[in-house]
$ cat entry-v1.cif   # mmCIF, C-alpha atoms
data_structure
loop_
_atom_site.label_atom_id
_atom_site.label_comp_id
_atom_site.auth_asym_id
_atom_site.auth_seq_id
_atom_site.Cartn_x
_atom_site.Cartn_y
_atom_site.Cartn_z
CA MET P 34 0.00 0.00 0.00
CA THR P 35 2.91 2.35 0.69
CA ASN P 36 4.38 1.63 -2.73
CA ARG P 37 0.98 2.34 -4.29
CA ALA P 38 0.78 5.63 -2.38
CA LEU P 39 4.25 6.58 -3.67
CA GLU P 40 3.15 5.74 -7.19
CA LEU P 41 0.22 8.14 -6.80
CA LEU P 42 2.46 10.84 -5.30
CA ASP P 43 4.61 10.63 -8.45
CA LEU P 44 7.71 12.21 -6.87
CA SER P 45 10.60 12.74 -9.28
CA SER P 46 13.29 13.73 -6.73
CA PRO P 47 14.16 13.16 -3.05
CA SER P 48 11.46 14.84 -0.94
CA LEU P 49 10.53 15.59 2.65
CA ILE P 50 7.46 13.46 3.39
CA LEU P 51 5.09 13.44 6.38
CA ASP P 52 3.96 9.93 7.36
CA VAL P 53 0.61 10.34 9.16
CA GLY P 54 -0.07 7.43 11.52
CA CYS P 55 3.39 5.99 10.96
CA GLY P 56 3.04 3.22 13.58
CA SER P 57 6.19 1.13 13.86
CA GLY P 58 7.81 2.79 10.83
CA LEU P 59 7.14 0.15 8.16
CA SER P 60 6.12 2.75 5.58
CA GLY P 61 9.06 4.93 6.55
CA GLU P 62 11.52 2.15 5.83
CA ILE P 63 10.16 1.97 2.29
CA LEU P 64 10.46 5.75 1.89
CA SER P 65 14.10 5.60 3.01
CA SER P 66 14.95 2.74 0.65
CA ILE P 67 13.64 4.16 -2.64
CA ASP P 68 16.31 3.91 -5.33
CA PRO P 69 17.76 7.20 -6.70
CA SER P 70 16.65 6.14 -10.19
CA GLU P 71 13.06 6.22 -8.88
CA GLY P 72 13.35 9.65 -7.25
CA GLY P 73 14.54 8.59 -3.81
CA PRO P 74 15.59 8.09 -1.15
CA HIS P 75 13.15 10.33 0.73
CA VAL P 76 13.50 12.02 4.11
CA TRP P 77 10.46 11.54 6.34
CA VAL P 78 8.85 12.56 9.60
CA GLY P 79 6.33 10.24 11.23
CA MET P 80 3.58 11.07 13.71
CA ASP P 81 1.41 8.60 15.63
CA ILE P 82 -0.83 8.58 18.71
CA SER P 83 0.54 5.25 20.01
CA ALA P 84 3.64 5.53 22.20
CA SER P 85 4.12 1.75 22.12
CA MET P 86 4.17 1.68 18.30
CA LEU P 87 6.68 4.53 18.18
CA ASP P 88 8.81 2.67 20.74
CA VAL P 89 8.92 -0.30 18.34
CA ALA P 90 10.01 2.09 15.57
CA LEU P 91 12.83 3.39 17.80
CA GLN P 92 13.96 -0.15 18.59
CA ARG P 93 14.04 -0.92 14.87
CA ASP P 94 16.27 2.16 14.43
CA VAL P 95 14.28 3.71 11.57
CA GLU P 96 15.85 6.65 9.75
CA GLY P 97 12.93 9.09 10.07
CA ASP P 98 12.13 11.48 12.90
CA LEU P 99 9.18 10.48 15.11
CA MET P 100 6.54 12.52 16.92
CA LEU P 101 3.95 11.39 19.48
CA ALA P 102 0.81 13.31 18.54
CA ASP P 103 -2.93 12.96 17.98
CA ILE P 104 -3.68 13.93 14.37
CA GLY P 105 -7.23 14.80 15.46
CA GLN P 106 -5.72 17.78 17.29
CA GLY P 107 -4.04 19.08 14.13
CA VAL P 108 -0.71 18.81 12.33
CA PRO P 109 1.76 20.95 14.33
CA PHE P 110 4.32 21.94 11.72
CA ARG P 111 5.32 25.22 10.13
CA ALA P 112 3.31 26.13 7.02
CA GLY P 113 4.75 24.71 3.80
CA SER P 114 7.17 22.35 5.57
CA PHE P 115 6.55 19.19 3.53
CA ASP P 116 6.72 18.29 -0.14
CA ALA P 117 4.20 15.47 0.27
CA ALA P 118 2.39 13.28 2.81
CA ILE P 119 1.20 9.70 3.04
CA SER P 120 -1.09 7.89 5.46
CA ILE P 121 -1.76 4.16 5.52
CA SER P 122 -4.86 2.82 7.31
CA ALA P 123 -5.10 5.69 9.81
CA ILE P 124 -7.47 8.54 8.98
CA GLN P 125 -10.66 6.46 9.35
CA TRP P 126 -10.09 6.56 13.14
CA LEU P 127 -10.76 10.30 13.08
CA CYS P 128 -14.45 9.44 12.58
CA ASN P 129 -14.58 7.93 16.08
CA ALA P 130 -15.49 10.39 18.84
CA GLU P 131 -14.23 9.25 22.23
CA SER P 132 -16.72 11.39 24.18
CA SER P 133 -19.71 13.64 23.68
CA GLU P 134 -17.39 16.65 24.00
CA VAL P 135 -15.29 15.57 21.01
CA SER P 136 -16.89 15.52 17.56
CA SER P 137 -15.58 13.52 14.61
CA THR P 138 -16.33 16.53 12.40
CA GLY P 139 -14.05 18.72 14.50
CA ARG P 140 -11.25 16.15 14.52
CA LEU P 141 -11.41 15.76 10.73
CA SER P 142 -11.45 19.53 10.27
CA ARG P 143 -8.41 20.12 12.50
CA PHE P 144 -6.47 17.35 10.78
CA PHE P 145 -7.12 18.38 7.18
CA ASN P 146 -6.68 22.11 7.90
CA GLY P 147 -3.34 21.37 9.55
CA LEU P 148 -2.28 19.01 6.76
CA TYR P 149 -3.18 21.59 4.12
CA ALA P 150 -1.09 24.25 5.87
CA SER P 151 1.92 21.93 6.36
CA LEU P 152 2.21 21.07 2.63
CA LYS P 153 3.92 23.35 0.14
CA ARG P 154 1.98 24.85 -2.76
CA GLY P 155 1.54 22.16 -5.39
CA GLY P 156 2.20 19.41 -2.83
CA ARG P 157 0.23 16.19 -2.74
CA ALA P 158 -0.98 13.77 -0.07
CA VAL P 159 -2.22 10.20 -0.49
CA CYS P 160 -4.23 8.60 2.34
CA GLN P 161 -5.20 4.94 2.16
CA PHE P 162 -8.18 4.33 4.46
CA TYR P 163 -10.96 1.89 5.35
CA PRO P 164 -14.29 3.72 5.82
CA LYS P 165 -16.90 1.81 7.81
CA ASN P 166 -19.67 2.91 5.45
CA GLU P 167 -20.52 5.40 2.72
CA GLN P 168 -21.27 8.07 5.32
CA GLN P 169 -17.70 7.93 6.66
CA ARG P 170 -16.31 7.99 3.14
CA THR P 171 -18.30 11.13 2.36
CA MET P 172 -17.45 12.72 5.71
CA ILE P 173 -13.70 12.25 5.20
CA SER P 174 -13.58 13.45 1.59
CA GLY P 175 -15.91 16.36 2.41
CA ALA P 176 -13.65 17.53 5.25
CA ALA P 177 -10.64 17.47 2.91
CA ILE P 178 -12.50 19.52 0.29
CA LYS P 179 -13.66 22.03 2.90
CA ALA P 180 -10.03 22.47 4.01
CA GLY P 181 -9.15 23.59 0.47
CA PHE P 182 -7.74 20.43 -1.08
CA GLY P 183 -8.39 19.22 -4.58
CA ALA P 184 -9.64 15.74 -3.66
CA GLY P 185 -10.32 12.49 -5.48
CA ILE P 186 -10.84 8.88 -4.37
CA LEU P 187 -9.15 6.09 -6.30
CA GLU P 188 -10.31 2.51 -5.64
CA ASP P 189 -8.13 -0.50 -6.44
CA ASP P 190 -9.82 -3.89 -7.00
CA PRO P 191 -13.38 -2.57 -6.51
CA GLY P 192 -16.02 -5.10 -5.51
CA THR P 193 -13.49 -7.57 -4.06
CA LYS P 194 -12.21 -8.38 -0.57
CA ASN P 195 -8.90 -6.76 -1.52
CA SER P 196 -10.54 -3.42 -2.37
CA LYS P 197 -8.39 -0.45 -1.30
CA LEU P 198 -9.42 3.21 -1.21
CA TYR P 199 -6.89 6.01 -1.70
CA LEU P 200 -7.82 9.62 -1.00
CA VAL P 201 -5.60 11.71 -3.28
CA LEU P 202 -5.21 15.36 -2.23
CA THR P 203 -3.50 18.30 -3.92
CA VAL P 204 -2.65 21.75 -2.59
CA GLY P 205 -3.47 24.31 -5.24
CA GLY P 206 -5.14 23.74 -8.57
CA SER P 207 -3.98 21.78 -11.56
CA ALA P 208 -4.06 22.95 -15.15
CA ASP P 209 -7.28 21.05 -15.71
CA GLU P 210 -9.16 22.51 -12.76
CA GLY P 211 -12.45 24.10 -13.68
CA THR P 212 -12.73 22.19 -16.94
CA GLY P 213 -14.33 19.09 -15.48
CA GLY P 214 -11.05 17.16 -15.61
CA ASP P 215 -9.05 15.40 -12.94
CA ILE P 216 -8.32 18.05 -10.31
CA THR P 217 -5.75 15.80 -8.61
CA GLY P 218 -3.80 15.14 -11.80
CA VAL P 219 -3.47 11.46 -10.85
CA VAL P 220 -5.89 9.49 -13.01
CA LYS P 221 -5.30 11.47 -16.19
CA GLY P 222 -5.11 9.01 -19.07
CA MET P 223 -6.46 6.05 -17.08
CA GLU P 224 -9.29 4.08 -18.64
CA GLY P 225 -12.49 3.16 -16.81
CA VAL P 226 -12.12 5.91 -14.19
CA ASP P 227 -14.86 8.45 -13.52
CA VAL P 228 -13.93 11.80 -11.96
CA LEU P 229 -16.38 13.82 -9.86
CA ASP P 230 -15.35 17.32 -8.77
CA ALA P 231 -17.37 17.87 -5.62
CA ARG P 232 -15.29 20.93 -4.72
CA LYS P 233 -16.94 23.05 -7.44
CA LYS P 234 -20.39 22.29 -6.03
CA HIS P 235 -19.17 23.13 -2.53
CA ARG P 236 -17.77 26.50 -3.68
CA GLU P 237 -20.95 27.44 -5.51
CA LYS P 238 -23.08 26.53 -2.51
CA GLY P 239 -20.88 28.60 -0.23
CA ARG P 240 -21.04 31.64 -2.50
CA ARG P 241 -24.83 31.57 -2.59
CA GLU P 242 -25.35 31.25 1.15
CA VAL P 243 -22.56 33.29 2.78
CA LYS P 244 -23.09 37.03 3.08
CA LYS P 245 -20.08 39.28 3.56
CA GLY P 246 -19.76 40.34 7.19
CA SER P 247 -21.97 37.54 8.48
CA LYS P 248 -20.85 35.02 11.11
CA ALA P 249 -20.40 32.32 8.45
CA TRP P 250 -18.26 34.68 6.36
CA ILE P 251 -16.08 35.57 9.37
CA LEU P 252 -15.61 31.88 10.28
CA SER P 253 -14.67 31.11 6.69
CA LYS P 254 -12.02 33.84 6.73
CA LYS P 255 -10.65 32.48 10.01
CA GLU P 256 -10.32 29.01 8.49
CA GLN P 257 -8.41 30.48 5.54
CA MET P 258 -5.99 32.23 7.91
CA GLU P 259 -5.50 29.04 9.96
CA ARG P 260 -4.65 27.10 6.78
CA LYS P 261 -1.95 29.68 6.10
CA GLY P 262 -0.46 28.93 9.50
CA LYS P 263 -1.44 32.23 11.11
CA VAL P 264 -2.66 32.62 14.69
CA VAL P 265 -6.41 33.27 14.86
CA LYS P 266 -8.50 34.14 17.93
CA ASN P 267 -10.93 31.49 19.11
CA SER P 268 -14.53 31.81 17.95
CA SER P 269 -17.38 32.15 20.43
CA LYS P 270 -21.11 32.81 20.53
CA TYR P 271 -20.28 36.51 20.17
CA THR P 272 -18.40 36.06 16.89
CA GLY P 273 -20.09 38.07 14.14
CA ARG P 274 -22.51 39.86 16.47
CA LYS P 275 -23.02 43.57 16.02
CA ARG P 276 -22.09 45.68 19.02
CA HIS P 277 -24.92 47.68 20.53
CA ILE P 278 -24.40 51.34 21.42
CA THR P 279 -23.99 51.42 25.20
CA PHE P 280 -23.93 55.17 25.69
#
$ encode --input "entry-v1.cif" --output "structure tokens"
Amino acid sequence: MTNRALELLDLSSPSLILDVGCGSGLSGEILSSIDPSEGGPHVWVGMDISASMLDVALQRDVEGDLMLADIGQGVPFRAGSFDAAISISAIQWLCNAESSEVSSTGRLSRFFNGLYASLKRGGRAVCQFYPKNEQQRTMISGAAIKAGFGAGILEDDPGTKNSKLYLVLTVGGSADEGTGGDITGVVKGMEGVDVLDARKKHREKGRREVKKGSKAWILSKKEQMERKGKVVKNSSKYTGRKRHITF
């Protein structure tokens, strides 16, 4: 699956890659062992929520740097740090809310907003995942689109037990964007692949409903600033309210 993700990333030179949900570093070992003739080897940074899995990676003496972090709380790196990102069998866990105070929607939003900010302009991310149902699949891809990504889902071996889903994300538009083509630039030229650009529909819906100066407009601007890595004040029930004249 890691090799498939690298194929979809289509990297032509050694790159700095973020491995989301790196576990014991199996994917990282592949990234470090890519032959120079194939654009490698790559330098990578892995993040995972499991201290025990990262401990196994340390014992195996992997070449990448490791970080203990919950991706549902965001991706804590400087804006534009990485050339690309991969994730193998991890992001579906963001749909699980551990308590009533934590929403899966919020966790997905923080992750994809942080991932978008951490990738350089023109960068690409490939996330292999196992959604429980169609609702989770839509929730995950929708959160990526809302964060600003050009997003597409590629399915290998559809209709079989070996079916694998890959969420392909791009930062910034491709040359075909807006023409009904492949906004990720991945499946161009492939036969038997249908491309649906849900981002265009989302943009049009947002333009119709959001009025300049309204609470929704202000929240949208805040999200844009967060994606650029800038510090934004927390929103509250008073956000967007007009101040009354006291005196």
$ resolve_selection --input "entry-v1.cif" --expression "the PyMOL selection byres ((chain P and resi 188) around 8)" --output "list in words"
Ile186, Leu187, Asp189, Asp190, Pro191, Ser196, Lys197, Leu198 and Tyr199 of chain P
$ residues_around --input "entry-v1.cif" --residues "region 145-159 of chain P" --least-positions-apart "5" --cutoff "6 Å" --atoms "all atoms listed in the file" --output "list in words"
Ala38, Gly107, Val108, Phe110, Ala112, Gly113, Ser114, Phe115, Asp116, Ala117, Ala118, Ile119, Ala177, Ala180, Leu200, Val201, Leu202, Thr203, Val204, Gly205, Arg260, Lys261 and Gly262 of chain P
$ residues_around --input "entry-v1.cif" --residues "Glu71 (chain P)" --least-positions-apart "2" --cutoff "9 Å" --atoms "only C-alpha atoms" --output "list in words"
Leu44, Ser45, Ser46, Ile67, Asp68, Pro69, Gly73 and Pro74 of chain P
$ residues_around --input "entry-v1.cif" --residues "region 63-66 of chain P" --least-positions-apart "2" --cutoff "8 Å" --atoms "only C-alpha atoms" --output "list in words"
Thr35, Asn36, Leu59, Ser60, Gly61, Asp68, Gly73, Pro74, His75, Val76, Trp77, Glu96 and Gly97 of chain P
$ residues_around --input "entry-v1.cif" --residues "Ile173 (chain P)" --least-positions-apart "5" --cutoff "9 Å" --atoms "all atoms listed in the file" --output "PDB file with C-alpha atoms, keeping the file's coordinate frame"
ATOM      1  CA  ILE P 124      -7.470   8.540   8.980  1.00  0.00           C
ATOM      2  CA  GLN P 125     -10.660   6.460   9.350  1.00  0.00           C
ATOM      3  CA  LEU P 127     -10.760  10.300  13.080  1.00  0.00           C
ATOM      4  CA  CYS P 128     -14.450   9.440  12.580  1.00  0.00           C
ATOM      5  CA  THR P 138     -16.330  16.530  12.400  1.00  0.00           C
ATOM      6  CA  LEU P 141     -11.410  15.760  10.730  1.00  0.00           C
ATOM      7  CA  PRO P 164     -14.290   3.720   5.820  1.00  0.00           C
ATOM      8  CA  GLN P 168     -21.270   8.070   5.320  1.00  0.00           C
ATOM      9  CA  ILE P 178     -12.500  19.520   0.290  1.00  0.00           C
ATOM     10  CA  LEU P 200      -7.820   9.620  -1.000  1.00  0.00           C
TER      11      LEU P 200
END
$ resolve_selection --input "entry-v1.cif" --expression "the PyMOL selection byres ((chain P and resi 266-269) around 12)" --output "PyMOL selection string"
chain P and resi 248-249+251-256+258-259+263-265+270-274
$ resolve_selection --input "entry-v1.cif" --expression "the PyMOL selection byres ((chain P and resi 126) around 12)" --output "list of chain:residue names"
P:Gly54, P:Asp81, P:Ile82, P:Asp103, P:Ile104, P:Gly105, P:Ser120, P:Ile121, P:Ser122, P:Ala123, P:Ile124, P:Gln125, P:Leu127, P:Cys128, P:Asn129, P:Ala130, P:Glu131, P:Ser137, P:Thr138, P:Arg140, P:Leu141, P:Phe144, P:Phe162, P:Tyr163, P:Pro164, P:Lys165, P:Gln169, P:Arg170, P:Ile173
$ closest_residue --input "entry-v1.cif" --among "P:Gln257, P:Ser57, P:Ser48, P:Gln161" --to "Ala84 (chain P)" --atoms "all atoms listed in the file"
P:Ser57
$ closest_residue --input "entry-v1.cif" --among "P:Ala90, P:Met34, P:Val95, P:Leu41" --to "Glu62 (chain P)" --atoms "only C-alpha atoms"
P:Val95
$ closest_residue --input "entry-v1.cif" --among "P:Ile278, P:Val78, P:Val135, P:Cys160" --to "Leu39 (chain P)" --atoms "all atoms listed in the file"
P:Cys160
$ atom_distance --input "entry-v1.cif" --atom1 "CA of Phe182 (chain P)" --atom2 "CA of Lys194 (chain P)"
29.2 Å
$ atom_distance --input "entry-v1.cif" --atom1 "CA of Met86 (chain P)" --atom2 "CA of Gly56 (chain P)"
5.1 Å
$ atom_distance --input "entry-v1.cif" --atom1 "CA of Arg37 (chain P)" --atom2 "CA of Ser174 (chain P)"
19.2 Å
$ build_atoms --input "entry-v1.cif" --residues "region 183-194 of chain P" --atoms "all heavy atoms" --output "PDB file, keeping the file's coordinate frame"
ATOM      1  N   GLY P 183      -7.801  19.897  -3.442  1.00  0.00           N
ATOM      2  CA  GLY P 183      -8.390  19.220  -4.580  1.00  0.00           C
ATOM      3  C   GLY P 183      -8.376  17.749  -4.223  1.00  0.00           C
ATOM      4  O   GLY P 183      -7.327  17.201  -3.887  1.00  0.00           O
ATOM      5  N   ALA P 184      -9.538  17.088  -4.214  1.00  0.00           N
ATOM      6  CA  ALA P 184      -9.640  15.740  -3.660  1.00  0.00           C
ATOM      7  C   ALA P 184     -10.272  14.769  -4.638  1.00  0.00           C
ATOM      8  O   ALA P 184     -11.226  15.109  -5.340  1.00  0.00           O
ATOM      9  CB  ALA P 184     -10.426  15.753  -2.350  1.00  0.00           C
ATOM     10  N   GLY P 185      -9.736  13.563  -4.680  1.00  0.00           N
ATOM     11  CA  GLY P 185     -10.320  12.490  -5.480  1.00  0.00           C
ATOM     12  C   GLY P 185     -10.072  11.168  -4.795  1.00  0.00           C
ATOM     13  O   GLY P 185      -9.091  11.011  -4.056  1.00  0.00           O
ATOM     14  N   ILE P 186     -10.989  10.210  -4.964  1.00  0.00           N
ATOM     15  CA  ILE P 186     -10.840   8.880  -4.370  1.00  0.00           C
ATOM     16  C   ILE P 186     -10.595   7.867  -5.471  1.00  0.00           C
ATOM     17  O   ILE P 186     -11.370   7.774  -6.427  1.00  0.00           O
ATOM     18  CB  ILE P 186     -12.079   8.490  -3.542  1.00  0.00           C
ATOM     19  CG1 ILE P 186     -12.190   9.379  -2.302  1.00  0.00           C
ATOM     20  CG2 ILE P 186     -11.995   7.018  -3.119  1.00  0.00           C
ATOM     21  CD1 ILE P 186     -13.382   9.055  -1.413  1.00  0.00           C
ATOM     22  N   LEU P 187      -9.501   7.133  -5.339  1.00  0.00           N
ATOM     23  CA  LEU P 187      -9.150   6.090  -6.300  1.00  0.00           C
ATOM     24  C   LEU P 187      -9.336   4.735  -5.599  1.00  0.00           C
ATOM     25  O   LEU P 187      -8.849   4.542  -4.483  1.00  0.00           O
ATOM     26  CB  LEU P 187      -7.707   6.248  -6.752  1.00  0.00           C
ATOM     27  CG  LEU P 187      -7.220   5.290  -7.842  1.00  0.00           C
ATOM     28  CD1 LEU P 187      -7.945   5.565  -9.153  1.00  0.00           C
ATOM     29  CD2 LEU P 187      -5.714   5.442  -8.048  1.00  0.00           C
ATOM     30  N   GLU P 188     -10.044   3.823  -6.224  1.00  0.00           N
ATOM     31  CA  GLU P 188     -10.310   2.510  -5.640  1.00  0.00           C
ATOM     32  C   GLU P 188      -9.635   1.426  -6.461  1.00  0.00           C
ATOM     33  O   GLU P 188      -9.886   1.292  -7.654  1.00  0.00           O
ATOM     34  CB  GLU P 188     -11.816   2.254  -5.560  1.00  0.00           C
ATOM     35  CG  GLU P 188     -12.174   0.947  -4.862  1.00  0.00           C
ATOM     36  CD  GLU P 188     -13.664   0.773  -4.635  1.00  0.00           C
ATOM     37  OE1 GLU P 188     -14.435   1.672  -5.052  1.00  0.00           O
ATOM     38  OE2 GLU P 188     -14.057  -0.234  -4.038  1.00  0.00           O
ATOM     39  N   ASP P 189      -8.774   0.650  -5.803  1.00  0.00           N
ATOM     40  CA  ASP P 189      -8.130  -0.500  -6.440  1.00  0.00           C
ATOM     41  C   ASP P 189      -8.942  -1.762  -6.151  1.00  0.00           C
ATOM     42  O   ASP P 189      -9.436  -1.948  -5.030  1.00  0.00           O
ATOM     43  CB  ASP P 189      -6.709  -0.685  -5.896  1.00  0.00           C
ATOM     44  CG  ASP P 189      -5.742   0.354  -6.442  1.00  0.00           C
ATOM     45  OD1 ASP P 189      -6.117   1.036  -7.416  1.00  0.00           O
ATOM     46  OD2 ASP P 189      -4.634   0.487  -5.899  1.00  0.00           O
ATOM     47  N   ASP P 190      -9.076  -2.626  -7.140  1.00  0.00           N
ATOM     48  CA  ASP P 190      -9.820  -3.890  -7.000  1.00  0.00           C
ATOM     49  C   ASP P 190     -11.217  -3.696  -6.433  1.00  0.00           C
ATOM     50  O   ASP P 190     -11.587  -4.310  -5.419  1.00  0.00           O
ATOM     51  CB  ASP P 190      -9.042  -4.866  -6.102  1.00  0.00           C
ATOM     52  CG  ASP P 190      -7.654  -5.169  -6.633  1.00  0.00           C
ATOM     53  OD1 ASP P 190      -7.528  -5.335  -7.866  1.00  0.00           O
ATOM     54  OD2 ASP P 190      -6.709  -5.225  -5.829  1.00  0.00           O
ATOM     55  N   PRO P 191     -12.021  -2.817  -7.031  1.00  0.00           N
ATOM     56  CA  PRO P 191     -13.380  -2.570  -6.510  1.00  0.00           C
ATOM     57  C   PRO P 191     -14.242  -3.830  -6.559  1.00  0.00           C
ATOM     58  O   PRO P 191     -14.125  -4.647  -7.466  1.00  0.00           O
ATOM     59  CB  PRO P 191     -13.920  -1.493  -7.449  1.00  0.00           C
ATOM     60  CG  PRO P 191     -13.132  -1.637  -8.705  1.00  0.00           C
ATOM     61  CD  PRO P 191     -11.770  -2.079  -8.280  1.00  0.00           C
ATOM     62  N   GLY P 192     -15.102  -3.966  -5.547  1.00  0.00           N
ATOM     63  CA  GLY P 192     -16.020  -5.100  -5.510  1.00  0.00           C
ATOM     64  C   GLY P 192     -15.409  -6.389  -5.034  1.00  0.00           C
ATOM     65  O   GLY P 192     -16.047  -7.439  -5.091  1.00  0.00           O
ATOM     66  N   THR P 193     -14.157  -6.361  -4.557  1.00  0.00           N
ATOM     67  CA  THR P 193     -13.490  -7.570  -4.060  1.00  0.00           C
ATOM     68  C   THR P 193     -13.089  -7.379  -2.597  1.00  0.00           C
ATOM     69  O   THR P 193     -13.152  -6.278  -2.049  1.00  0.00           O
ATOM     70  CB  THR P 193     -12.225  -7.881  -4.879  1.00  0.00           C
ATOM     71  OG1 THR P 193     -11.236  -6.872  -4.619  1.00  0.00           O
ATOM     72  CG2 THR P 193     -12.542  -7.903  -6.371  1.00  0.00           C
ATOM     73  N   LYS P 194     -12.658  -8.469  -1.954  1.00  0.00           N
ATOM     74  CA  LYS P 194     -12.210  -8.380  -0.570  1.00  0.00           C
ATOM     75  C   LYS P 194     -10.910  -7.588  -0.448  1.00  0.00           C
ATOM     76  O   LYS P 194     -10.582  -7.099   0.633  1.00  0.00           O
ATOM     77  CB  LYS P 194     -12.010  -9.791  -0.001  1.00  0.00           C
ATOM     78  CG  LYS P 194     -13.304 -10.582   0.174  1.00  0.00           C
ATOM     79  CD  LYS P 194     -13.036 -11.941   0.793  1.00  0.00           C
ATOM     80  CE  LYS P 194     -14.325 -12.715   0.996  1.00  0.00           C
ATOM     81  NZ  LYS P 194     -14.093 -14.057   1.592  1.00  0.00           N
TER      82      LYS P 194
END
